[in-house]
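Chemist: One structure coming up, written as structure tokens, with questions to follow.
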4 protein chains.
Amino acid sequence: MNKFVEYRREFHHYPEIGWREFRTSARIAEILEEMGYKALMGTAVINEESVTFEMLTDEEKKAEKERAVAQGAMAEYVERTEGYPGVIVELDTGIPGPTTAFRFDIDCLPYQEPKKEGFRPYDEGYISCNDNCVHACGHDAHAAIGLGVAAKLMEKKDQLKGKFRVIFQPAEERYHGAQAIVDKGHLDDVDNFLSVHMALTGDGYPLPSNTICCGCKDFLSDNQLDITFHGKEAHPCGASQEGKNALLAACTAALNLHAIAPHEAGMCRVNVGILSGGEAVNTIAGSAFMSVEYRGSTQEVSQYARKRVFDILDGAAKAHDLEYTYVDFGEVPAGASDDAIMEVVQRAAEKVEWFNKKIYFEGSVGGTDDASVMMNKVQEHGGIATYIGIGCDTTMTLHNAEFDLDEDSIPAAIEVLINAAEELNGR
Amino acid sequence: MNKFVEYRREFHHYPEIGWREFRTSARIAEILEEMGYKALMGTAVINEESVTFEMLTDEEKKAEKERAVAQGAMAEYVERTEGYPGVIVELDTGIPGPTTAFRFDIDCLPYQEPKKEGFRPYDEGYISCNDNCVHACGHDAHAAIGLGVAAKLMEKKDQLKGKFRVIFQPAEERYHGAQAIVDKGHLDDVDNFLSVHMALTGDGYPLPSNTICCGCKDFLSDNQLDITFHGKEAHPCGASQEGKNALLAACTAALNLHAIAPHEAGMCRVNVGILSGGEAVNTIAGSAFMSVEYRGSTQEVSQYARKRVFDILDGAAKAHDLEYTYVDFGEVPAGASDDAIMEVVQRAAEKVEWFNKKIYFEGSVGGTDDASVMMNKVQEHGGIATYIGIGCDTTMTLHNAEFDLDEDSIPAAIEVLINAAEELNGR
Amino acid sequence: MNKFVEYRREFHHYPEIGWREFRTSARIAEILEEMGYKALMGTAVINEESVTFEMLTDEEKKAEKERAVAQGAMAEYVERTEGYPGVIVELDTGIPGPTTAFRFDIDCLPYQEPKKEGFRPYDEGYISCNDNCVHACGHDAHAAIGLGVAAKLMEKKDQLKGKFRVIFQPAEERYHGAQAIVDKGHLDDVDNFLSVHMALTGDGYPLPSNTICCGCKDFLSDNQLDITFHGKEAHPCGASQEGKNALLAACTAALNLHAIAPHEAGMCRVNVGILSGGEAVNTIAGSAFMSVEYRGSTQEVSQYARKRVFDILDGAAKAHDLEYTYVDFGEVPAGASDDAIMEVVQRAAEKVEWFNKKIYFEGSVGGTDDASVMMNKVQEHGGIATYIGIGCDTTMTLHNAEFDLDEDSIPAAIEVLINAAEELNGR
Amino acid sequence: MNKFVEYRREFHHYPEIGWREFRTSARIAEILEEMGYKALMGTAVINEESVTFEMLTDEEKKAEKERAVAQGAMAEYVERTEGYPGVIVELDTGIPGPTTAFRFDIDCLPYQEPKKEGFRPYDEGYISCNDNCVHACGHDAHAAIGLGVAAKLMEKKDQLKGKFRVIFQPAEERYHGAQAIVDKGHLDDVDNFLSVHMALTGDGYPLPSNTICCGCKDFLSDNQLDITFHGKEAHPCGASQEGKNALLAACTAALNLHAIAPHEAGMCRVNVGILSGGEAVNTIAGSAFMSVEYRGSTQEVSQYARKRVFDILDGAAKAHDLEYTYVDFGEVPAGASDDAIMEVVQRAAEKVEWFNKKIYFEGSVGGTDDASVMMNKVQEHGGIATYIGIGCDTTMTLHNAEFDLDEDSIPAAIEVLINAAEELNGR
């Protein structure tokens, strides 16, 4: 089996949620240093001040790091994370030339992968061994591709000019990883930026095997809110009138949030991803929590969605005579690939036999990825950037617990990125 | 401070959820054995086969027992629980006479008690030290009253006939404790049964200080269901149409469950106490969980509620094209006190100075307590039983996290129960 | 067939909604004048200023009066209504004695009676001939009983003392009729007041044939609100974000209104009886209308319900960024029968052979009837009043379109009222 | 004032709902015959068998026709409608050449136009005089443009070849008009087909003044359903448990219908345009009605929407233990304009001075118009068709009761259509 496919299966077997990718980071660093790189880790990768949300407590970090070691990470590398996952390596050819960066995200999603026969990860033994953790968004493949790109660049070191930076980013799913790396300055000098996503996207979705999409231009901005409704518990038979039912407020809000009317000026999406309310079955629920995100393809749409979300929260709270508070995780911006680099990718793909079905120049992602934070940074100072879709047949659409993918896409992805690197940084 | 009030504050400080009352049980047994009783514990109290739901894993039991010891329980007594909380002691006067049983429940509720100035448990240092655990239903006082009754009975041993049994029952809030004790045979020979509840209930609720209610006759039956909706996760921007939104199914069900029409033949109550759905903010929720209870004052009402509940669950699942499964925790039956023993309590109360405001003969509880399981058992073989409301001013209604009570009610409750014991078992 | 049963079928065949009872009033007046009474009608019965809601326009009155004539009413009597239905007759024995009043309501409900075989009103040809009008609350029988009482009083004129007043009241279902008659002073001098309702109510409901209930004490207060949500229409594909969806606001409100928690201090009922929103299928609904009522057995409960109703309306409007206005129809108060007159009814019923199954002294009505407005007025100046339940088997519960009743209850009801009259006004 | 602008205001003043456009049709025919045309009307225009839904009863037709005459239509023309609105005229140049058809829809929408100062239709006296009728979709302007085109064609008769057909179509809003005209064969021989819509649509919406869009390609298919929930009435205090609340079923359905997840493959829209339930405020609602439409840009999306709609209807009915029935109005198909004729329009527009701001070649309509039925028919036999957007500033977006438009667009629209006619049918 292809070595990078093997890596993908290893990462798949040990999936880790954002900011907990200690095993994954340690293994990536170990493999990269075996190749001859010097791995940047910890606060050399991540700007601590940028991690304002969801960071683990010291105790949690300790437990997660112990788990990582127990799951086969080298303790030395786990220590080098300083409690912050993420790895960056750089190849400096010594010859003047542009700086080209590749970005690969490495975190997983919080679902339970089903252990059932007929599902390849189970049958072939690489199913997730971590509860409520699954690589259902293909980041296991992204990490493997990143290792492949690093390996090939090292091999071709003498035939290339300029510098290459390979970025393994934590915490994409909740969007805080990219910003923390940007804030450390790793994108400040980048001329060319390439990132990839499996199965995204051409004239439909998912993007099938043997196809590729050279760039996406329609990232949606994304805002996430954690909301808490503060009601009042009461006994449902002894004092029902005293209760302020936070759970019904949340349910009323959830239904109305999903019923927000579309916006004609662009894509508008609102999702209540998590709702959790109540304390005991025999008690009127005194509190409820809700994680909501809204996305828009333009500022106007995004602001419309925000207004509607808060109207509905206000209304649900009022209807149940209670208050709510919220944490606003801020905005991941919209973003777009550049034609100039998409054209390079197109030529690079034409040289890869595997992409023999269709090469899409542009695709519609209709979603969000915090790669846009890096892309915007690169474009700010005149660089060019693209977000490439690697076609691969899948068992299910992305973000489904039963997701698996055509692994032949992995070597093909490595090849197209190397081809692009060669054109971008010349020989 | 009255010793039994001190015990109440100790129990308040270390509240424990049903089937986790290891510290409480160990302390109760320790105190009782100091009085000269021999405490029955563990499987001598609890019929293991009856505990079919919510029993802790061995690992959880171990952790809870360690916590109990860390919180001051004697390890020897914790061991004697054999993993099952609950304590029973018996006083046999040696003189022929009736068997009279007293029952006190000892578990707490899963809320967070607020640590704020002006709230007496906080100001005077007996606020809960266990997260999400609070004695918001007065069972701390019940346990203290039970200790007081046991102490006084022992003192008066030589002036009494027959036998006395004092039962400290775990797990009332989710209703499995009483059945497990009944199934062990502890109510089979009981002629007179007395149980108490703080602040319940005369011609209104809560029952204020200096009043008492000699018996309640209108317990509601209660059924609890744990429901899981099985939908399908999907990316809300990439494959929204693939999702089967379990969270919206649950919210739709919750709103409709609370909107079930009343029944004219009696009291009918439906509560969605807990709802928890979704996996990640950026994912259409693939599963959702809901704890629901329905109560009825008659079989007809209860069956009506059950039919409506399942119609709504079926409908919500159908609307979102998904399935649901459920665990049915069975029925806690309705129950009623007997006039004969209520009259004894009335005379007993007339002798207690503290009950100088009002003595209610009968009150309406309009709720459920699994004391009814024991009462029904006693009545089956010709015994008589009552469920007494002890008036006490409170900061809040029952089942509110900020609940505290007038502790002068504790010695008064002990006194009335001893007075009743004297009349029931003669001298 | 008994003449009064025939009248009942005639009224059943021509049901009329409140303030439209022109045919019914005209026929009642015609029959009463044939008996020898002088019928008061129009503004001699109704205080015009009291009719502030739902009064018909002059044009509507004209059309309804034409319909009444077309359906067999004598034009002369229809004219005498002056546009206000309702009839009062008085019998003055000329001998000093108390004034006893009987009240019968005559309006119907706005449902469609089903024309189907096996349903007696259809099979025997007295099914409603007016669309969306049906006597589903037994007021057809009430009117017939009123005629029977008037007839018997006239027969027995020389054996009685004092005065008798027989009141045929319009518009009970929306509660404005009683007030308008009270405001005209017709209850000011009444010593004894009797009203009846078919099938209401002993220890269950409906009250079966051969039983009677001498009085009800637990009328609920009732408040009705007509609410209009003012949103904004928009094209659902061309400008969806511009809409303010009044229909969704109303639906959100309706679900939450039906989910208002009960109140432990008494009966609390909220009903959204009518909801009507939207303009066109291809338009986001710009407005919506809702008729809501809330009832409570005490002022505290009623005020709780009112607060919850307005919280929910406010919240639903806020959630959809729109406004609402409302018409408040005011409160029909609670009320209770007097033991003194209930005892008279009990003795009167004991003399009626038909009531051989059970005579209930007191029953629970658990509902509202604006007879309470008259009862309160009579009781204010020291009179006594009762609201009697006449047992009768029915095809369906009240307020169901397919309602029919055991007509043998009609002569029995007449008999018991006459017996009571004899005891109250002596010989 | 331009004569055709005057006509627009006249039509605006007398708006008529689909299949009720008797005044509008009569006036159009009268004006066209004054120009020298022979107007086809009634069953010469409309295929009676195709009108399967919503056709008026004979009585309603009679009333509407009387109204039309009362509002200034000539009785003779009203009679010639034979109860079916719609007018077609043809100009045969006598010289061989293509057949070119123009289509203009003439019905209004069922809203109430606001009579308030500052709103031009009110200030200048052309505000709707028909209750709940308003030209909020610009069909008043369409009709006026149609008259202008007919007038100019007649003027230029001698400079043109082939045939011209000008179609004034009733009942676009509920989509039955186009099919009824197609089924009569009026599109069978058409080579070139042009239709217009005000304010639709370029790279945004609404399309502003001084711009034009030569054709739209993205019509959505549209399906409309009229749903009735059949529950059971009950008294909300006397027999609440007997009710089957159709209103709550409908509200539950409405919220969930608006919360149907989008589809990634294209535009998907679901709207509950009308909801009407309940019989009386003091009755649990026994029935409810709902008008729903769903649209999709592809068959896959449309079928997804249909499945979701029926899942939700099934679920809402199940949850409330009742049944529903529905009328399916069938599908108005998607459709697309042809480049060949759009290019003609582009050249035609370039000659019109008024369109000096922007000429869009293609625009996104993102909606439905049953012009697509005619376009599909023409394209079937090899003809070409377009749906042109005429830019015009508006007070509000389409389908809003307070809609008014820049009338300078009317002569400009006439001019561009005549220019196109000249190129299409040559000289």
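Here, A, B, ... name the chains of the structure tokens in the order displayed, residue numbers run from 1 inside each chain, and ligands are numbered from 1 in the same displayed order.
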Just need the residues of chain C within 8 Å of chain B, counting only C-alpha atoms, so spit them out as a PyMOL selection string.

Modeler: chain C and resi 204+255-261+265

Chemist: Write the residues of the selection above to a file with N, CA and C atoms, as a compact mmCIF listing (two decimals), in the first residue's frame.

Modeler:
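Listed below is the output, out_9.txt:
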# COMPACT_ATOMS: atom_id res chain seq x y z
N GLY C 204 -68.91 13.86 36.45
CA GLY C 204 -68.22 13.61 35.21
C GLY C 204 -68.95 14.43 34.19
N LEU C 255 -48.42 27.63 18.86
CA LEU C 255 -47.82 26.47 19.51
C LEU C 255 -47.42 26.79 20.94
N ASN C 256 -46.83 27.95 21.14
CA ASN C 256 -46.39 28.32 22.48
C ASN C 256 -47.58 28.63 23.40
N LEU C 257 -48.64 29.19 22.86
CA LEU C 257 -49.83 29.47 23.68
C LEU C 257 -50.43 28.17 24.20
N HIS C 258 -50.48 27.16 23.33
CA HIS C 258 -51.02 25.87 23.79
C HIS C 258 -50.07 25.17 24.74
N ALA C 259 -48.81 25.61 24.76
CA ALA C 259 -47.82 24.98 25.65
C ALA C 259 -47.63 25.77 26.95
N ILE C 260 -48.48 26.75 27.22
CA ILE C 260 -48.38 27.47 28.50
C ILE C 260 -48.54 26.47 29.64
N ALA C 261 -47.63 26.54 30.59
CA ALA C 261 -47.66 25.60 31.71
C ALA C 261 -48.92 25.80 32.53
N ALA C 265 -52.62 26.55 41.25
CA ALA C 265 -53.67 27.10 42.13
C ALA C 265 -55.07 26.91 41.57

Chemist: I want to know what sits within 6 Å of region 45-60 of chain B, based on only C-alpha atoms, with residues of the same chain fewer than 6 positions away left out; could you give that as a list in words?

Modeler: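 These residues fall inside the cut-off: Ala180, Ile181, Asp183 and Lys184 of chain B.
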
Chemist: Can you tell me which residues surround Ala144 (chain D) at a distance of at most 6 Å, considering only C-alpha atoms, apart from same-chain residues fewer than 5 positions away, and format the answer as a compact mmCIF listing (two decimals) with C-alpha atoms, in the first residue's frame?

Modeler:
# COMPACT_ATOMS: atom_id res chain seq x y z
CA PHE D 4 -50.39 53.73 -22.49
CA TYR D 7 -54.18 52.70 -19.61
CA ARG D 8 -51.80 51.29 -16.98

Chemist: Quick one: residues within 8 Å of Gly335 (chain C), only C-alpha atoms, excluding same-chain residues fewer than 5 positions away - as a VMD selection string?

Modeler: chain C and resid 217 to 221 372 to 373 375 to 376

Chemist: I want to know what sits within 8 Å of Ala143 (chain C), based on only C-alpha atoms, with residues of the same chain fewer than 3 positions away left out; could you give that as a ChimeraX atom specification?

Modeler: /C:8,11,104-106,139-140,146-147,168

Chemist: List every residue of region 85-141 of chain C that DSSP, applied to the backbone of this structure, assigns to alpha helix (DSSP H), and report them as a PyMOL selection string.

Modeler: chain C and resi 120-123+139-141

Chemist: Next, write the just-selected residues to a file, as a PDB file, in the first residue's frame, keeping C-alpha atoms as the atom set.

Modeler:
ATOM      1  CA  ARG C 120     -80.815  11.723  13.610  1.00  0.00           C
ATOM      2  CA  PRO C 121     -81.020  15.433  12.721  1.00  0.00           C
ATOM      3  CA  TYR C 122     -80.352  14.395   9.121  1.00  0.00           C
ATOM      4  CA  ASP C 123     -82.508  11.282   9.077  1.00  0.00           C
ATOM      5  CA  HIS C 139     -79.266  26.207  23.127  1.00  0.00           C
ATOM      6  CA  ASP C 140     -82.041  24.932  20.850  1.00  0.00           C
ATOM      7  CA  ALA C 141     -83.228  22.852  23.800  1.00  0.00           C
TER       8      ALA C 141
END

Chemist: Show me, as JSON, numbers by chain, the residues that have an atom within 8 Å of Lys65 (chain D) when counting only C-alpha atoms, minus same-chain residues fewer than 5 positions from it.

Modeler: {"D": [22, 23, 78, 83]}

Chemist: Excluding Gly138 (chain B) and its own-chain neighbours fewer than 4 positions away, which residues fall within 9 Å of it when counting only C-alpha atoms? Please give them as a ChimeraX atom specification.

Modeler: /B:12,106,108,142-143,197-199,398,403-405

Chemist: Restricting it to all heavy atoms, dump the selection as an mmCIF file, in the first residue's frame.

Modeler:
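Printed below is selection34.cif as written:
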data_model
loop_
_atom_site.group_PDB
_atom_site.id
_atom_site.type_symbol
_atom_site.label_atom_id
_atom_site.label_comp_id
_atom_site.auth_asym_id
_atom_site.auth_seq_id
_atom_site.Cartn_x
_atom_site.Cartn_y
_atom_site.Cartn_z
ATOM 1 N N HIS B 12 -27.016 18.519 53.275
ATOM 2 C CA HIS B 12 -27.168 19.550 52.247
ATOM 3 C C HIS B 12 -25.824 19.874 51.590
ATOM 4 O O HIS B 12 -25.754 20.121 50.375
ATOM 5 C CB HIS B 12 -27.777 20.818 52.847
ATOM 6 C CG HIS B 12 -28.238 21.781 51.807
ATOM 7 N ND1 HIS B 12 -29.540 21.806 51.351
ATOM 8 C CD2 HIS B 12 -27.578 22.715 51.093
ATOM 9 C CE1 HIS B 12 -29.657 22.730 50.399
ATOM 10 N NE2 HIS B 12 -28.471 23.296 50.237
ATOM 11 N N ILE B 106 -33.504 10.092 50.443
ATOM 12 C CA ILE B 106 -32.223 10.750 50.757
ATOM 13 C C ILE B 106 -31.472 11.303 49.542
ATOM 14 O O ILE B 106 -30.398 11.873 49.694
ATOM 15 C CB ILE B 106 -31.295 9.769 51.515
ATOM 16 C CG1 ILE B 106 -30.946 8.549 50.644
ATOM 17 C CG2 ILE B 106 -31.929 9.331 52.835
ATOM 18 C CD1 ILE B 106 -29.920 7.607 51.296
ATOM 19 N N CYS B 108 -30.651 13.613 45.981
ATOM 20 C CA CYS B 108 -30.755 15.042 45.634
ATOM 21 C C CYS B 108 -31.155 15.211 44.177
ATOM 22 O O CYS B 108 -31.458 14.244 43.482
ATOM 23 C CB CYS B 108 -29.430 15.750 45.917
ATOM 24 S SG CYS B 108 -28.193 15.472 44.624
ATOM 25 N N HIS B 142 -35.473 15.341 55.226
ATOM 26 C CA HIS B 142 -36.093 14.027 55.460
ATOM 27 C C HIS B 142 -35.111 13.100 56.171
ATOM 28 O O HIS B 142 -35.460 12.417 57.152
ATOM 29 C CB HIS B 142 -36.543 13.389 54.145
ATOM 30 C CG HIS B 142 -37.565 14.181 53.400
ATOM 31 N ND1 HIS B 142 -37.988 13.858 52.137
ATOM 32 C CD2 HIS B 142 -38.252 15.307 53.730
ATOM 33 C CE1 HIS B 142 -38.890 14.743 51.715
ATOM 34 N NE2 HIS B 142 -39.067 15.629 52.678
ATOM 35 N N ALA B 143 -33.889 13.052 55.665
ATOM 36 C CA ALA B 143 -32.880 12.165 56.258
ATOM 37 C C ALA B 143 -32.634 12.548 57.718
ATOM 38 O O ALA B 143 -32.531 11.683 58.604
ATOM 39 C CB ALA B 143 -31.582 12.235 55.451
ATOM 40 N N HIS B 197 -43.072 14.652 53.667
ATOM 41 C CA HIS B 197 -42.422 15.524 52.684
ATOM 42 C C HIS B 197 -42.516 16.956 53.168
ATOM 43 O O HIS B 197 -43.567 17.404 53.607
ATOM 44 C CB HIS B 197 -43.027 15.383 51.292
ATOM 45 C CG HIS B 197 -42.042 15.770 50.226
ATOM 46 N ND1 HIS B 197 -41.549 17.051 50.079
ATOM 47 C CD2 HIS B 197 -41.408 15.026 49.284
ATOM 48 C CE1 HIS B 197 -40.678 17.074 49.085
ATOM 49 N NE2 HIS B 197 -40.559 15.868 48.587
ATOM 50 N N MET B 198 -41.411 17.640 53.071
ATOM 51 C CA MET B 198 -41.372 19.032 53.470
ATOM 52 C C MET B 198 -42.207 19.875 52.512
ATOM 53 O O MET B 198 -42.179 19.681 51.305
ATOM 54 C CB MET B 198 -39.934 19.582 53.437
ATOM 55 C CG MET B 198 -38.894 18.736 54.153
ATOM 56 S SD MET B 198 -39.388 18.184 55.804
ATOM 57 C CE MET B 198 -39.220 19.712 56.734
ATOM 58 N N ALA B 199 -42.948 20.811 53.095
ATOM 59 C CA ALA B 199 -43.612 21.884 52.335
ATOM 60 C C ALA B 199 -44.789 21.419 51.478
ATOM 61 O O ALA B 199 -45.358 22.197 50.733
ATOM 62 C CB ALA B 199 -42.612 22.663 51.483
ATOM 63 N N LEU B 398 -40.297 23.929 45.534
ATOM 64 C CA LEU B 398 -39.485 22.720 45.374
ATOM 65 C C LEU B 398 -38.937 22.610 43.952
ATOM 66 O O LEU B 398 -39.526 23.090 42.998
ATOM 67 C CB LEU B 398 -40.344 21.481 45.685
ATOM 68 C CG LEU B 398 -40.797 21.351 47.150
ATOM 69 C CD1 LEU B 398 -41.890 20.307 47.265
ATOM 70 C CD2 LEU B 398 -39.629 20.997 48.057
ATOM 71 N N PHE B 403 -33.335 26.593 46.577
ATOM 72 C CA PHE B 403 -34.295 26.168 47.600
ATOM 73 C C PHE B 403 -33.623 26.059 48.967
ATOM 74 O O PHE B 403 -32.595 25.423 49.114
ATOM 75 C CB PHE B 403 -34.868 24.808 47.167
ATOM 76 C CG PHE B 403 -35.842 24.214 48.147
ATOM 77 C CD1 PHE B 403 -37.176 24.562 48.110
ATOM 78 C CD2 PHE B 403 -35.417 23.298 49.096
ATOM 79 C CE1 PHE B 403 -38.083 23.993 49.007
ATOM 80 C CE2 PHE B 403 -36.317 22.733 49.992
ATOM 81 C CZ PHE B 403 -37.658 23.082 49.951
ATOM 82 N N ASP B 404 -34.213 26.693 49.953
ATOM 83 C CA ASP B 404 -33.804 26.480 51.347
ATOM 84 C C ASP B 404 -35.083 26.485 52.179
ATOM 85 O O ASP B 404 -36.142 26.910 51.700
ATOM 86 C CB ASP B 404 -32.832 27.571 51.801
ATOM 87 C CG ASP B 404 -32.110 27.191 53.096
ATOM 88 O OD1 ASP B 404 -32.094 25.998 53.452
ATOM 89 O OD2 ASP B 404 -31.567 28.098 53.761
ATOM 90 N N LEU B 405 -35.002 26.004 53.455
ATOM 91 C CA LEU B 405 -36.255 25.838 54.194
ATOM 92 C C LEU B 405 -36.089 26.230 55.658
ATOM 93 O O LEU B 405 -34.986 26.336 56.186
ATOM 94 C CB LEU B 405 -36.766 24.401 54.053
ATOM 95 C CG LEU B 405 -35.797 23.237 54.339
ATOM 96 C CD1 LEU B 405 -35.540 23.058 55.829
ATOM 97 C CD2 LEU B 405 -36.412 21.963 53.768
#
